[in-house]
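A short worksheet on the structure shown next.
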Amino acid sequence: MSSITLDHHADRSAMKVSDQVAIDIRGMNKWYGAFHVLRDIDLTVYEGERIVIAGPSGSGKSTLIRCINRLEEHQEGQIIVDGTELTSDLKNVDKVRSEVGMVFQHFNLFPHLTILENCTLAPIWVRKTPRKEAEEVAMHFLEKVKIPEQAHKYPGMLSGGQQQRVAIARSLCMMPRIMLFDEPTSALDPEMIKEVLETMVSLAEEGMTMLCVTHEMGFAKEVANRVIFMDQGQIVEQNEPEEFFNNPQSERTKLFLSQIL
Amino acid sequence: MSDMSYVRSDMLPERTPPASSVGFVGWARANLFNGVVNSILTIVSLVLIFFVLAALLPWLFSPTWNSGSLNECREILNGHEGACWGVIHERWQQLLYGFYPNGSEAGTVDQRWRPNLAFLLLFVAVIPVLFNMISRRMNWVLLLVALSYGAYAVGGTLGMITVVVLLAAAVIVGYKAFSTDKAARAAEIEAGAKRLPNPLIFSAIFPFVVPFLLWGGSIWVFVGAALGFVLAGLAYRYLSAAVGSLAGMIISVLVAIVWWLFLIGPFASAMDAILPIALEQIESRKFGGFMLSITIGVVAIGISLPIGIVLALGRQSDLLIVKALSVGFIEFIRGVPLITLLFVASTLLNIFLPPGTNFDIILRVLIMVTLFASAYMAEVVRGGLAALPKGQYEAADALGLDYWKAQRLIIMPQALKISIPGIVSTFIGVFKDTVLVSIIGLLDPLGLSNAIRADQAWNGVVWELYGFIAFMFFVFCFSMSRYSMYLERRLRTGHK
Ligand SMILES: Nc1ncnc2c1ncn2[C@@H]1O[C@H](COP(=O)(O)OP(=O)(O)OP(=O)(O)O)[C@@H](O)[C@H]1O
Ligand SMILES: [Mg+2]
């Protein structure tokens with residue numbers, strides 16, 4: 001499955017995990033109607049952690065990370081993001097959402113706005129940043145994802161890989177403390193996967209807290225400090241990448257790894 | 001094996017395409033004469049068009065412009081086929097203005113400059129909303145020129161002085177943009193965009209200027225009506241921070257309603273005592289012709305879009321009551337013919353209202369037509385909303401935009417863009433439906449045409465009258481349709 005090899009090795013020295021808790025999930029359960037999609041999830045994420053979530057299709061990976069910025073509501077248990085508990089209180093939800101960036105499988109750029117406008121919209125309207133300053137910040141991040149020259153084009157004119165890098169830049173413009181990625185490369189061709197993964201590696205090198213649903217096991221080995229394996233709505237196994245890939249404990253994990261590697 | 005290998009040694013230069021594929025010949029060959037069937041169809045069509053024009057043109061160009069009755073026309077035509085244009089010549093003012101005072105009756109003054117000015121101002125107000133090809137500076141110039149027409153029509157020494165002042169102001173604002181140097185002009189337009197106030201300010205007060213122009217009366221009533229919105233806005237701005245946005249909204253609406261119901265009267269009479277500015281009052285039954293159609297059409301079109309958007313959002317809402325009300329309203333209005341609503345407006349409302357209340361008939365019709373259009377608009381907008389991928393909502397949510405900001409910045413711009421063809425179709429439909437008011441006795445162009453044909457002199461004139469009315473409607477509707485295509489082209493942003 002994972003045929004992409006990254007050109008340069010990630011510099012792990014800068015990726016430090018602090019003992020500050022970024023996300024705390026306790027006894028969380030979620031149902032879609034009668035279908036119990038997430039079961040007793042307990043997960044503590046520390047600041048600076050890079051977590052890769054893996055698992056078979058339908059195991060609830062997307063649902064889990066979508067609960068963290070409340071694109072999905074959980075019914076039982078607690079989710080505390082950066083000290084704010086997610087409840088039906090919209091103020092808290094908006095606060096958490098402006099601290100947590102999310103990158104989607106299908107980019108979800110706003111097609112009626114230029115790349116630059118895509119990146120400045122939320123800072124201007126949510127953070128109340130003056131337009132000029134927001135544009136400077138946006139250009140900074142567009143340079144970082146290596147597409148400043150596309151700033152005045154529309155998303156429809158960009159390639160998939162470029163669009164996904166814009167989507168990452170758009171999230172970064174909000175200066176989030178945590179980034180969520182839901183299969184950011186699975187809609188892309190191999191050449192584009194590489195450019196997106198490299199962007200994500202450099203983000204990790206800067207110490208961003210990242211939760212990443214992906215099938216790119218090369219990325220997991222290179223960047224992650226923890227791999228979580230999910231099946232049937234439960235966390236079945238979690239470990240350091242080295243251990244996880246070389247010495248999986250549960251039968252399900254072994255089966256899964258034998259299928260994808 | 002080696003003779004299969006091939007390396008190009010010289011690159012081919014670009015060549016112009018062969019003559020037979022470009023220009024008129026190329027076009028005709030590709031579109032009119034490619035293949036036997038196509039060629040035959042083309043020739044048959046050309047023959048048909050020739051016969052139609054051969055019959056129509058002599059009829060159209062008949063020398064009857066000055067005739068005073070159908071009989072006179074017949075004398076002039078002397079047995080030949082031909083249109084009797086005298087009826088248009090004699091009645092065109094009525095077809096445009098209805099019975100709006102034109103100074104022909106003793107003791108009245110020609111007031112038709114008022115609808116004329118309103119029509120001009122309509123364009124000034126609408127241009128910054130609809131087009132982005134005209135500069136701010138140009139828009140203010142247009143406004144000043146339109147206003148100077150109004151001052152000219154008012155006349156008198158003061159009026160003439162105002163005309164001179166307004167035109168001078170127009171020249172001062174505009175002259176820099178009329179440079180032959182393209183770069184200088186662009187720079188000036190850029191600078192003007194920064195220095196001059198936004199012309200949308202005028203677009204916002206336009207809805208209060210026009211009723212004052214058309215119906216007349218004291219200006220303070222209309223200023224008061226506008227003030228109601230300002231008060232509501234202020235109340236919302238200062239209260240929403242203190243009591244929350246929903247409570248703030250409710251209170252500000254209440255403030256506006258109290259103001260409109262109870263305080264406008266005293267306000268207007270107080271201001272009248274200080275500074276009486278008024279236009280002669282014109283009764284609604286004097287309204288007629290295309291002026292009436294355009295008034296009803298523009299109001300219904302202008303108001304139905306925002307109401308339709310709100311209804312479409314209401315229909316999608318999670319709040320049960322809001323949703324039920326929206327669905328109920330839309331389904332009820334769509335389930336009833338417009339004619340029925342108009343009859344309700346013209347007769348039934350009078351029964352229900354307390355005796356003695358004078359609820360203007362045109363106002364009643366306006367409300368009904370607007371509600372009718374809103375229900376259709378809501379469904380058109382809902383179609384646009386449904387076409388948006390769920391990812392757009394999620395991306396907006398994930399960035400921390402609240403519901404209203406997400407709607408305004410992300411969802412609506414895209415949903416409305418998708419629905420442009422449907423929205424404009426609804427607009428065109430509403431505008432044409434305004435002829436139905438003739439059934440409840442209002443004198444729109446069709447109502448007037450019946451009155452004209454009842455006249456002894458023009459008894460028997462059909463084609464000229466209806467042709468003229470149809471032509472006028474076609475001009476308006478076709479313009480709207482072209483505009484929608486222009487807008488779709490303008491808003492296109494890359495593939496997909
Ligand atoms: N809106 C929904 N309503 C009902 N069931 C849903 C909904 N969304 C997801 N599900 C179900 O919940 C389960 C978990 O879905 P989820 O999208 O989290 O899986 P996933 O692990 O991300 O899978 P994949 O790798 O295919 O993306 C699946 O069985 C799916 O069918
Ligand atoms: Mg998924």
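Identifiers in this document derive from the order of the structure tokens: chains are assigned A, B, ..., residues are numbered from 1 separately in each chain, and ligands are numbered from 1 in order of occurrence.
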Expected answer as an NGL selection string: chain A residues within 7 Å of chain B, only C-alpha atoms: :A and (69 or 71 or 94 or 97-98 or 101-102 or 108 or 110 or 112 or 122 or 126 or 154 or 156-157)
At most 9 Å from ligand 1 (only C-alpha atoms and all ligand atoms): residue list as a ChimeraX atom specification: /A:31-33,35-38,54-66,72,182-183,213-215,230-233
Secondary structure check, alpha helix (DSSP H) residues of region 82-238 of chain A, as a PyMOL selection string: chain A and resi 90-99+115-125+131-144+160-172+190-205+217-223
May I have the selected residues written with C-alpha atoms, as a PDB file, in the first residue's frame?
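Done, and the output landed in result.pdb:
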```
ATOM      1  CA  LEU A  90     -21.985  26.900  20.903  1.00  0.00           C
ATOM      2  CA  LYS A  91     -19.528  29.387  22.366  1.00  0.00           C
ATOM      3  CA  ASN A  92     -17.225  26.567  23.479  1.00  0.00           C
ATOM      4  CA  VAL A  93     -17.634  24.796  20.168  1.00  0.00           C
ATOM      5  CA  ASP A  94     -16.632  27.889  18.195  1.00  0.00           C
ATOM      6  CA  LYS A  95     -13.708  28.464  20.526  1.00  0.00           C
ATOM      7  CA  VAL A  96     -12.420  24.932  20.047  1.00  0.00           C
ATOM      8  CA  ARG A  97     -12.945  25.084  16.293  1.00  0.00           C
ATOM      9  CA  SER A  98     -10.872  28.212  15.969  1.00  0.00           C
ATOM     10  CA  GLU A  99      -8.027  26.464  17.852  1.00  0.00           C
ATOM     11  CA  ILE A 115      -6.711  30.953  -2.883  1.00  0.00           C
ATOM     12  CA  LEU A 116      -5.768  34.058  -0.935  1.00  0.00           C
ATOM     13  CA  GLU A 117      -9.386  34.742   0.022  1.00  0.00           C
ATOM     14  CA  ASN A 118      -9.778  31.128   1.109  1.00  0.00           C
ATOM     15  CA  CYS A 119      -6.868  31.648   3.469  1.00  0.00           C
ATOM     16  CA  THR A 120      -7.856  35.057   4.833  1.00  0.00           C
ATOM     17  CA  LEU A 121     -11.590  34.459   5.289  1.00  0.00           C
ATOM     18  CA  ALA A 122     -11.551  32.864   8.718  1.00  0.00           C
ATOM     19  CA  PRO A 123      -8.824  35.097  10.220  1.00  0.00           C
ATOM     20  CA  ILE A 124     -10.741  38.181   9.092  1.00  0.00           C
ATOM     21  CA  TRP A 125     -14.223  37.059  10.133  1.00  0.00           C
ATOM     22  CA  ARG A 131      -7.306  42.381   6.103  1.00  0.00           C
ATOM     23  CA  LYS A 132      -3.788  43.508   5.356  1.00  0.00           C
ATOM     24  CA  GLU A 133      -2.276  41.579   8.199  1.00  0.00           C
ATOM     25  CA  ALA A 134      -4.361  38.507   7.329  1.00  0.00           C
ATOM     26  CA  GLU A 135      -3.076  38.652   3.763  1.00  0.00           C
ATOM     27  CA  GLU A 136       0.517  38.836   4.939  1.00  0.00           C
ATOM     28  CA  VAL A 137       0.007  35.822   7.176  1.00  0.00           C
ATOM     29  CA  ALA A 138      -1.704  33.963   4.332  1.00  0.00           C
ATOM     30  CA  MET A 139       1.163  34.677   1.932  1.00  0.00           C
ATOM     31  CA  HIS A 140       3.588  33.466   4.557  1.00  0.00           C
ATOM     32  CA  PHE A 141       1.836  30.123   4.814  1.00  0.00           C
ATOM     33  CA  LEU A 142       1.300  29.840   1.064  1.00  0.00           C
ATOM     34  CA  GLU A 143       5.039  30.262   0.681  1.00  0.00           C
ATOM     35  CA  LYS A 144       5.524  27.595   3.277  1.00  0.00           C
ATOM     36  CA  GLY A 160      -5.284  18.094  -6.426  1.00  0.00           C
ATOM     37  CA  GLY A 161      -1.975  18.224  -4.575  1.00  0.00           C
ATOM     38  CA  GLN A 162      -1.866  21.998  -4.819  1.00  0.00           C
ATOM     39  CA  GLN A 163      -5.438  22.218  -3.548  1.00  0.00           C
ATOM     40  CA  GLN A 164      -4.645  20.055  -0.553  1.00  0.00           C
ATOM     41  CA  ARG A 165      -1.621  22.184   0.280  1.00  0.00           C
ATOM     42  CA  VAL A 166      -3.834  25.266   0.082  1.00  0.00           C
ATOM     43  CA  ALA A 167      -6.252  23.548   2.441  1.00  0.00           C
ATOM     44  CA  ILE A 168      -3.400  22.997   4.894  1.00  0.00           C
ATOM     45  CA  ALA A 169      -2.307  26.627   4.544  1.00  0.00           C
ATOM     46  CA  ARG A 170      -5.898  27.753   5.076  1.00  0.00           C
ATOM     47  CA  SER A 171      -6.036  25.888   8.382  1.00  0.00           C
ATOM     48  CA  LEU A 172      -2.639  27.172   9.453  1.00  0.00           C
ATOM     49  CA  PRO A 190       1.343   9.327  -6.029  1.00  0.00           C
ATOM     50  CA  GLU A 191       3.376  12.330  -7.163  1.00  0.00           C
ATOM     51  CA  MET A 192       0.968  14.669  -5.368  1.00  0.00           C
ATOM     52  CA  ILE A 193       0.840  12.486  -2.271  1.00  0.00           C
ATOM     53  CA  LYS A 194       4.518  13.134  -1.850  1.00  0.00           C
ATOM     54  CA  GLU A 195       4.231  16.922  -1.962  1.00  0.00           C
ATOM     55  CA  VAL A 196       1.421  16.900   0.579  1.00  0.00           C
ATOM     56  CA  LEU A 197       3.240  14.491   2.893  1.00  0.00           C
ATOM     57  CA  GLU A 198       6.352  16.650   2.762  1.00  0.00           C
ATOM     58  CA  THR A 199       4.300  19.636   3.821  1.00  0.00           C
ATOM     59  CA  MET A 200       2.954  17.620   6.732  1.00  0.00           C
ATOM     60  CA  VAL A 201       6.431  16.470   7.735  1.00  0.00           C
ATOM     61  CA  SER A 202       7.687  20.028   7.886  1.00  0.00           C
ATOM     62  CA  LEU A 203       4.678  20.915  10.000  1.00  0.00           C
ATOM     63  CA  ALA A 204       5.573  18.118  12.408  1.00  0.00           C
ATOM     64  CA  GLU A 205       9.128  19.348  12.549  1.00  0.00           C
ATOM     65  CA  MET A 217       2.549   3.901   6.768  1.00  0.00           C
ATOM     66  CA  GLY A 218       5.793   5.449   5.498  1.00  0.00           C
ATOM     67  CA  PHE A 219       4.625   8.721   6.945  1.00  0.00           C
ATOM     68  CA  ALA A 220       3.700   7.019  10.206  1.00  0.00           C
ATOM     69  CA  LYS A 221       7.169   5.491  10.574  1.00  0.00           C
ATOM     70  CA  GLU A 222       8.886   8.726   9.694  1.00  0.00           C
ATOM     71  CA  VAL A 223       6.903  11.222  11.740  1.00  0.00           C
TER      72      VAL A 223
END
```
All strand (DSSP E or B) positions in region 61-204 of chain A, as a ChimeraX atom specification: /A:76-81,84-85,100-103,178-182
Now that the selection is made, can you save its residues with N, CA, C and O atoms as an mmCIF file, in the first residue's frame?
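Saved the output as out-v9.cif:
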```cif
data_model
loop_
_atom_site.group_PDB
_atom_site.id
_atom_site.type_symbol
_atom_site.label_atom_id
_atom_site.label_comp_id
_atom_site.auth_asym_id
_atom_site.auth_seq_id
_atom_site.Cartn_x
_atom_site.Cartn_y
_atom_site.Cartn_z
ATOM 1 N N GLU A 76 -21.957 10.211 24.938
ATOM 2 C CA GLU A 76 -21.536 9.900 26.308
ATOM 3 C C GLU A 76 -20.068 10.217 26.472
ATOM 4 O O GLU A 76 -19.292 10.126 25.516
ATOM 5 N N GLY A 77 -19.667 10.532 27.698
ATOM 6 C CA GLY A 77 -18.256 10.768 27.986
ATOM 7 C C GLY A 77 -17.883 12.220 27.763
ATOM 8 O O GLY A 77 -18.740 13.068 27.517
ATOM 9 N N GLN A 78 -16.570 12.464 27.865
ATOM 10 C CA GLN A 78 -16.083 13.830 27.827
ATOM 11 C C GLN A 78 -15.032 13.994 26.743
ATOM 12 O O GLN A 78 -14.200 13.111 26.543
ATOM 13 N N ILE A 79 -15.066 15.140 26.060
ATOM 14 C CA ILE A 79 -13.954 15.501 25.181
ATOM 15 C C ILE A 79 -13.501 16.892 25.608
ATOM 16 O O ILE A 79 -14.297 17.837 25.597
ATOM 17 N N ILE A 80 -12.265 17.015 26.052
ATOM 18 C CA ILE A 80 -11.767 18.311 26.491
ATOM 19 C C ILE A 80 -10.611 18.704 25.593
ATOM 20 O O ILE A 80 -9.608 17.984 25.493
ATOM 21 N N VAL A 81 -10.770 19.802 24.889
ATOM 22 C CA VAL A 81 -9.740 20.255 23.964
ATOM 23 C C VAL A 81 -9.139 21.538 24.510
ATOM 24 O O VAL A 81 -9.851 22.533 24.679
ATOM 25 N N THR A 84 -11.045 23.214 27.180
ATOM 26 C CA THR A 84 -12.449 23.543 26.958
ATOM 27 C C THR A 84 -13.226 22.269 26.684
ATOM 28 O O THR A 84 -12.873 21.512 25.766
ATOM 29 N N GLU A 85 -14.271 22.021 27.466
ATOM 30 C CA GLU A 85 -15.043 20.808 27.209
ATOM 31 C C GLU A 85 -16.063 21.057 26.102
ATOM 32 O O GLU A 85 -16.705 22.106 26.047
ATOM 33 N N VAL A 100 -8.510 24.506 16.501
ATOM 34 C CA VAL A 100 -8.216 23.208 15.903
ATOM 35 C C VAL A 100 -8.401 23.310 14.393
ATOM 36 O O VAL A 100 -9.473 23.654 13.919
ATOM 37 N N GLY A 101 -7.335 23.033 13.647
ATOM 38 C CA GLY A 101 -7.454 23.059 12.189
ATOM 39 C C GLY A 101 -7.818 21.693 11.677
ATOM 40 O O GLY A 101 -7.486 20.673 12.296
ATOM 41 N N MET A 102 -8.526 21.651 10.536
ATOM 42 C CA MET A 102 -8.876 20.337 9.993
ATOM 43 C C MET A 102 -8.638 20.315 8.489
ATOM 44 O O MET A 102 -8.961 21.254 7.781
ATOM 45 N N VAL A 103 -8.069 19.211 8.023
ATOM 46 C CA VAL A 103 -7.816 19.032 6.592
ATOM 47 C C VAL A 103 -8.591 17.806 6.149
ATOM 48 O O VAL A 103 -8.509 16.750 6.781
ATOM 49 N N ILE A 178 -3.719 22.662 17.263
ATOM 50 C CA ILE A 178 -3.849 21.235 16.957
ATOM 51 C C ILE A 178 -4.316 21.125 15.507
ATOM 52 O O ILE A 178 -5.143 21.912 15.057
ATOM 53 N N MET A 179 -3.775 20.147 14.780
ATOM 54 C CA MET A 179 -4.244 19.929 13.405
ATOM 55 C C MET A 179 -4.786 18.513 13.276
ATOM 56 O O MET A 179 -4.154 17.546 13.713
ATOM 57 N N LEU A 180 -5.969 18.417 12.647
ATOM 58 C CA LEU A 180 -6.560 17.106 12.385
ATOM 59 C C LEU A 180 -6.499 16.854 10.883
ATOM 60 O O LEU A 180 -6.808 17.729 10.091
ATOM 61 N N PHE A 181 -6.087 15.665 10.501
ATOM 62 C CA PHE A 181 -6.047 15.316 9.080
ATOM 63 C C PHE A 181 -6.885 14.075 8.874
ATOM 64 O O PHE A 181 -6.654 13.057 9.519
ATOM 65 N N ASP A 182 -7.864 14.137 7.970
ATOM 66 C CA ASP A 182 -8.664 12.947 7.675
ATOM 67 C C ASP A 182 -8.322 12.450 6.274
ATOM 68 O O ASP A 182 -8.828 12.954 5.289
#
```
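Considering the residues A:Ala22, A:Cys212, A:Ala34, A:Leu261 and counting only C-alpha atoms and all ligand atoms, ligand 2 has its shortest atom-to-atom contact with A:Cys212.
For region 248-250 of chain B, the residues within 6 Å (counting only C-alpha atoms, excluding itself and residues fewer than 5 positions away along the chain) are Tyr236, Leu239 and Ser240 of chain B.
Separating CA of Arg50 (chain A) from CA of Arg226 (chain A) is a distance of 6.7 Å.
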